[in-house]
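A.B. asks: I'd like to ask you about the structure that follows.
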Amino acid sequence: MTDNFKFGRIFWIFSYILLSGDILTQVAAENEQSMCSFYGNCASNNKNPPGHYLCIVKHAPKPLDDVSMGILRQLCPELTNKYGKDLCCNGDQVRDLQKSFALSLPLLSRCPSCLYNFRQAFCDLPCSPIQSTFLSVNETLKGTENDETPSAKSVNYAIGAEYIQKTYESCKDVVLSSTNDVVMKAICGSWGSYHCTPQRWFEYMGDGVGNSFVPFTIHFEFRDKVEDGVENSGLIGINQPTYACSEVAPGESVKCSCVDCLGSCPAPPPPREKVDWTIKFEYGPEEHKITVFTIVGGITVIILIVAFKPILKRIHKATQSSGTEFEYAIVKFFTSLATFCARKPLFVIVPGTIVVVVFSCGIAMLEITTDPVELWASANSRSRIEKNYFDSTFVPFYRTEQLIVTAVDLPPILHVTATGNESFGPIFNLEFMKVLLDLQTAIAHDVNGNDPDSGDPVFLKDICFKPLDPANTNCATFSYLGWWQNNYTEILKSAPREDKNGNPVEDGSVDNYLDHFKYCSLNPSSPTDTTKLKLSCMGEYGGPIEPTVALGGFLDSTYLPLDPPYKDATTAVITFIVNNHVDKKEQRKAKAWEAAFIQFMHEYVKKENKMSAHMKIAFSSERSIEDELDRQSQNDIVTVAVSYLIMFLYIAVALGEQHSWGRLAIDSKASLGLLGVTIVLFSVSSSIGFFGFFGVKATLIIVEVIPFLVLAVGVDNIFIMVQTLQRTERKSNETIPEHLGRVIGHVAPSMMLNSLTDSASFFLGGLTGMPAVQAFAFYAGVALLFNFVLQFTVFIAFLSLDIQRQEAGRWDILCCIPRKHSKKPKYKDGFLFKVFKNIYAPFILSLPMRIVVLVMFTLWLGASVIMIPSIEVGLDQQISMPEDSYVLTYFQAMFNYLSIGPPVYFVVKDTEFDYHTNPNVQDLIRAGENPYSLVSQIYASSRASNTTYIAKSAASWLDDYRDWASSDKCCYYKGTRELPRFCPSIDTKRCKQCRIVKDENGFIEPDEFEKFLPFFLRDNPHEKCPKAGHAAYGDAVRYRKADDGNGAVPTASYFMTYHTILKTSKDYIEAMEEARAISANLTKTLNTGTNSTNHEVFPYSIFYVFYEQYLTMWRDTFQSLGISFATIFVVTYILTGFNIFTALIVLLTVVMIIVDLGGMMYWWNIPLNAVSLVNLVMVSHSISNKLSRCLI
């Protein structure tokens, strides 16, 4: 955003060239062409910057001295070739022209035709011997006692309409690279670039009243034909020959680049084809599609069954005996294991406890991360690798602290502007602005945290980004209040409006803060507006305040129009930019201040002030998401504890056998329920400790979700074992261990299938690239394995002890208390069991219901297949926040009101790319003649922003360095030319001009390139040297020392532009995908042009790490579900005794249910992401478990 600083005083440069009394002298003699009517400078105009009125004279052109003539030949070769030495300008004026051209050349030299057209007109103005034909005096100022020569306070200037039209057309698209915008935006006054026309452009540069940099007023007379109006004014319009920007101007060797001239661009390539996941049918509405798919799909399945049935029968027959033996072996193993654990409970419980304690000790070594980047993007993912490269090579993207303040129930503000009655948004209510300015000031100057290392207070000024430091030490703060330099006194200023002659307007209207806003919203980099207020638009930090960044609520759609209605804004956006660091220890001061900022804002929104009812405030800091995730986890501890307590009570009641009040304490299973819950907790702690020993980072979702998940699976197993035991009568000759072993041997295969497939589902979920989900999946998978082992060892041991207690007639929990008791009655089926056995099962298995269920689910399956391709991909980050979080309010405000897309950097990696010794290689990067250069391709992409999501052309340090090196006002040094020391161009006392050596095509000589590149990157931009690179490129170029130790060789660099407005997950995903496609083409261009394979260009934006996973979401889904289905088939096939029919039935049912769930995801607007994918995988295994349990 600070890159726009150079845009600051550009219009002054043009005004100076066109209008300054130091440049313009006019030739009079109404009837004689070779007579000068203006020569030299007279009275001062008392303006800032100072200028002079023109001296009115009447004499013939005078010979120009040889030295001045030599300078003029370089500046204006067309003029000197045509008229020779007898001209209407002297040596002082030629040198003034030289100084002015030194300022304008860097701005327009990117387009030689534009510069040629512009230069012709303004070379003729001060020096043409026939200027009397197109210039005349309009208003005269009398001379003084010291100099009686009269001055021209205003002049008439006749100019051909064709000339200004063609000159404007050749210049209107010229880009000021460091601002990612066109030069015309700054040199057309209040009209900006969108409303600018050739007439408005010249009228603004001749407005001596509204434009303080114009020394006198010039009344332009636009002539369709040069001779029009001669009888009225006696002037013939000047109409010099012009050249289109796509043509090569005389004396030039190249035409304008594609970036600066649309006519120089090749035909754009067709839009890149995207993968379309939508299944297309050409025959009718959705219900027809469902019907057709169902019929076709059903016929296909029947054909496959009939075709493969003989083969399946042979496979089943061949493996049946082996399957029976395998199944028997599993039953025998678990029978023996359970019998052993029941006979020697202490021998099992003690080692089991020791193992759990040992593994749980690893929790002390556990590292929990709440960093959103580490939660969402894998360390090995492309986006993380590229982010790490960007952060370590350049600097990490800034930390942002932001307020979004919306005006509520305030009327619009009405004001008479220079163009008539206008309405302005409610945020321009003066009381609203006063309260908001007080809030902004308090944050900037009063809010402070404590340095965690030294304990000293930390203010915003200690951590903020200062792009022009040390020349300007103010923080970069982007707020619309910055257009008044954050000063309420400036906001209250007003001045009577004047006409072009300097007289008050008849209606008595005034220029006030609204007129200033209107101007600054179109020219945010202007140092002075054109109102009578003469206020600067530049922020306190020395750079512009972009309206798209500071204003919101003025858009009706997600696209920014060419002429945005900024004045209708209902929302103010205040952004404080804070420096970021790779080393997290260096971020501690910033985090301390951010904590204080959040606390301050929480207290502020609770306070009452004059505008409380009219201000809806949303706020966020860089640490907000991380803090809220941590807060949610702390709050969930209570939820987890309460949930476990409820589950314990449920188990204690549900497992107990309530035969009579007398046996209530004996038949209770409270201790067994407590043990079951404890085993679940130990399973979770062991899993966490296990990964803690290996240094695997955990996330808070592990603490929040895994206990519930393992509890659900563990309780399921507990009920199966205990209730099966209760329903199975002990044989007369069986001991308790033998009875328990026989029961466990019967239920173990299905429970093993349940646990193993659940664990497998989570391990498969670990294939996702999202670290938070990956860690959750691995931790959950291991926790389920621990739970399975502990339940089949320790729990069985305790279960045997509990059976002995119950049979001994001892109370539950207080087992030391014996009690006389009646004989235990036989087990009776519960109410729910009877309902399902006697009512539901017969009903659902009846023939009519079978047909209804089959038809209904088949239709549902067909509908789901049709709808699945339309499922959205992505994850709304709002669902990760607590429901009462202030961040949710901020997210909503950001979605509703922000009107700017995030910046995107196209990074050229350090691959020894030759930026400076070979001009042909340099042309692969810069905006030169090559229409396929890096800068040109990005520009071409911006022309199709609706599909590429690239909003502007890229800022090019290479182009600006060339322009900076071409200016005599930019490069200065101290010491010797061989070993120069940097001298800032804004303070050149005791400094020397570099006069950088270039070849005939303008390329900087290699040695000079290396020597002065660091100077360019350290020089601050200002009105005399707008192309200085410190603000825009100080962090954009990395270099190593030259071989001779004197200078720098560029290594890595980036070229910044912006994405268009992005609001939905789809926008973010497609923007990243398009940027990567552009980068791939840029990489190919650089490698082809250099006959290499080493060079690489990649795009980087702050949000890429969060959305990269969705580029391959469908592929990952099919891969994970495919592996899941294969696992289900194999495990079911093995554990059902190699029964292939059972395995296929289970697999088919699971596939159908997953497809049906996909259909429900579409209808319920559930997006496809890593979380939903893990759930689908888990559900598929859970369903297979339930089906297999019924069949084993």
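We name chains A, B, ... following the order of the structure tokens; residues begin at 1 in each chain, and ligands are numbered from 1 as shown.
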Which residues come within 8 Å of Leu790 of chain A, counting only C-alpha atoms, excluding same-chain residues fewer than 5 positions away, as JSON, numbers by chain?
C.D. replies: {"A": [352, 679, 683, 795]}
A.B. asks: With N, CA and C atoms retained, export the selected residues as a tab-separated table (two decimals), in the first residue's frame.
C.D. replies:
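part.tsv, written as the output of this step:
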chain	number	residue	atom	x	y	z
A	352	GLY	N	-0.78	-53.13	33.26
A	352	GLY	CA	-1.54	-52.21	32.41
A	352	GLY	C	-1.49	-50.78	32.93
A	679	ILE	N	-10.79	-45.71	31.76
A	679	ILE	CA	-10.00	-46.35	30.70
A	679	ILE	C	-10.01	-45.49	29.44
A	683	SER	N	-6.80	-43.93	27.74
A	683	SER	CA	-6.50	-44.16	26.32
A	683	SER	C	-6.11	-42.86	25.64
A	795	PHE	N	-9.99	-53.97	31.49
A	795	PHE	CA	-11.43	-53.92	31.78
A	795	PHE	C	-11.98	-55.32	32.04
A.B. asks: Might you pull out every residue within 8 Å of Ala592 of chain A, with only C-alpha atoms counted and same-chain residues fewer than 6 positions away left off, and present them as a PyMOL selection string?
C.D. replies: chain A and resi 449-452+458
A.B. asks: Determine the nearest neighbour of Ile625 of chain A from the options A:Gly482, A:Gly70, A:Pro882, A:Gly1002, counting only C-alpha atoms.
C.D. replies: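 Ranking A:Gly482, A:Gly70, A:Pro882, A:Gly1002 by distance to Ile625 of chain A, first place goes to A:Pro882.
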A.B. asks: Compile the contact shell of Leu535 of chain A as a ChimeraX atom specification: residues with an atom at most 10 Å away, counting only C-alpha atoms, same-chain residues fewer than 2 positions apart removed.
C.D. replies: /A:483-485,490-491,493,513,516,520,526-533,537-538
A.B. asks: Output the selection as a CSV table (one decimal), in the first residue's frame - N, CA, C and O atoms for each residue.
C.D. replies:
chain,number,residue,atom,x,y,z
A,483,TRP,N,-6.9,11.6,5.4
A,483,TRP,CA,-6.9,12.6,4.3
A,483,TRP,C,-6.9,14.0,4.9
A,483,TRP,O,-6.7,15.0,4.2
A,484,TRP,N,-7.2,14.1,6.2
A,484,TRP,CA,-7.1,15.4,7.0
A,484,TRP,C,-5.9,15.3,8.0
A,484,TRP,O,-5.9,16.0,9.0
A,485,GLN,N,-5.0,14.4,7.7
A,485,GLN,CA,-3.8,14.2,8.6
A,485,GLN,C,-4.2,13.9,10.0
A,485,GLN,O,-3.5,14.3,11.0
A,490,GLU,N,-8.4,20.4,10.9
A,490,GLU,CA,-8.3,20.4,9.4
A,490,GLU,C,-9.7,20.0,8.8
A,490,GLU,O,-10.1,20.5,7.8
A,491,ILE,N,-10.4,19.1,9.5
A,491,ILE,CA,-11.7,18.6,9.0
A,491,ILE,C,-12.7,19.8,9.1
A,491,ILE,O,-13.5,19.9,8.2
A,493,LYS,N,-12.2,23.0,8.6
A,493,LYS,CA,-11.8,24.1,7.8
A,493,LYS,C,-12.8,24.2,6.6
A,493,LYS,O,-13.3,23.2,6.1
A,513,TYR,N,-14.8,20.0,4.1
A,513,TYR,CA,-14.1,18.7,4.2
A,513,TYR,C,-14.7,17.7,3.2
A,513,TYR,O,-14.0,16.8,2.8
A,516,HIS,N,-12.9,18.3,-0.1
A,516,HIS,CA,-11.6,17.7,0.1
A,516,HIS,C,-11.6,16.2,-0.1
A,516,HIS,O,-10.8,15.6,-0.8
A,520,CYS,N,-9.7,13.8,-2.8
A,520,CYS,CA,-8.7,12.8,-2.3
A,520,CYS,C,-9.2,11.4,-2.7
A,520,CYS,O,-8.3,10.5,-2.9
A,526,SER,N,-2.3,13.0,-4.0
A,526,SER,CA,-2.0,14.4,-4.2
A,526,SER,C,-1.6,15.1,-3.0
A,526,SER,O,-2.2,15.0,-1.9
A,527,PRO,N,-0.5,15.9,-3.1
A,527,PRO,CA,0.0,16.7,-1.9
A,527,PRO,C,-0.9,17.9,-1.7
A,527,PRO,O,-0.8,18.5,-0.6
A,528,THR,N,-1.7,18.3,-2.6
A,528,THR,CA,-2.6,19.5,-2.4
A,528,THR,C,-3.8,19.3,-3.3
A,528,THR,O,-3.7,18.9,-4.5
A,529,ASP,N,-5.0,19.5,-2.7
A,529,ASP,CA,-6.2,19.4,-3.5
A,529,ASP,C,-6.5,20.7,-4.3
A,529,ASP,O,-5.7,21.6,-4.2
A,530,THR,N,-7.5,20.6,-5.2
A,530,THR,CA,-7.8,21.8,-6.0
A,530,THR,C,-8.8,22.7,-5.4
A,530,THR,O,-9.3,23.6,-6.1
A,531,THR,N,-9.3,22.4,-4.2
A,531,THR,CA,-10.2,23.3,-3.6
A,531,THR,C,-9.5,24.5,-3.0
A,531,THR,O,-8.3,24.6,-3.0
A,532,LYS,N,-10.3,25.4,-2.5
A,532,LYS,CA,-9.7,26.6,-1.8
A,532,LYS,C,-9.0,26.3,-0.5
A,532,LYS,O,-8.2,27.1,0.0
A,533,LEU,N,-9.2,25.1,0.0
A,533,LEU,CA,-8.6,24.7,1.2
A,533,LEU,C,-7.1,24.4,1.1
A,533,LEU,O,-6.3,24.6,2.0
A,537,CYS,N,-3.7,15.4,0.6
A,537,CYS,CA,-4.4,14.1,0.7
A,537,CYS,C,-3.5,13.1,1.3
A,537,CYS,O,-4.0,12.0,1.6
A,538,MET,N,-2.2,13.3,1.5
A,538,MET,CA,-1.3,12.3,1.9
A,538,MET,C,-1.5,12.1,3.4
A,538,MET,O,-1.8,13.0,4.2
A.B. asks: Among segment 409-599 of chain A, which ones does DSSP assign to alpha helix (DSSP H) (computed from the backbone)? Answer as an MDAnalysis selection string.
C.D. replies: chainID A and resid 430:445 460:463 488:491 513:522 547:550 588:599
A.B. asks: Restricting the calculation to only C-alpha atoms, which member of A:Glu1073, A:Asp66, A:Asp563, A:Glu203 is positioned closest to Gln1109 of chain A?
C.D. replies: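 Looking only at the distances to Gln1109 of chain A, the closest residue turns out to be A:Glu1073.
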A.B. asks: Using only C-alpha atoms, which protein or nucleic acid residues come within 10 Å of Asn487 of chain A? Drop anything in the same chain fewer than 6 positions from it, and give the result as a PyMOL selection string.
C.D. replies: chain A and resi 434+437-438+441+481+540
A.B. asks: Report the residues of segment 592-734 of chain A whose backbone DSSP state falls under strand (DSSP E), written as a PyMOL selection string.
C.D. replies: chain A and resi 615-620+698-699
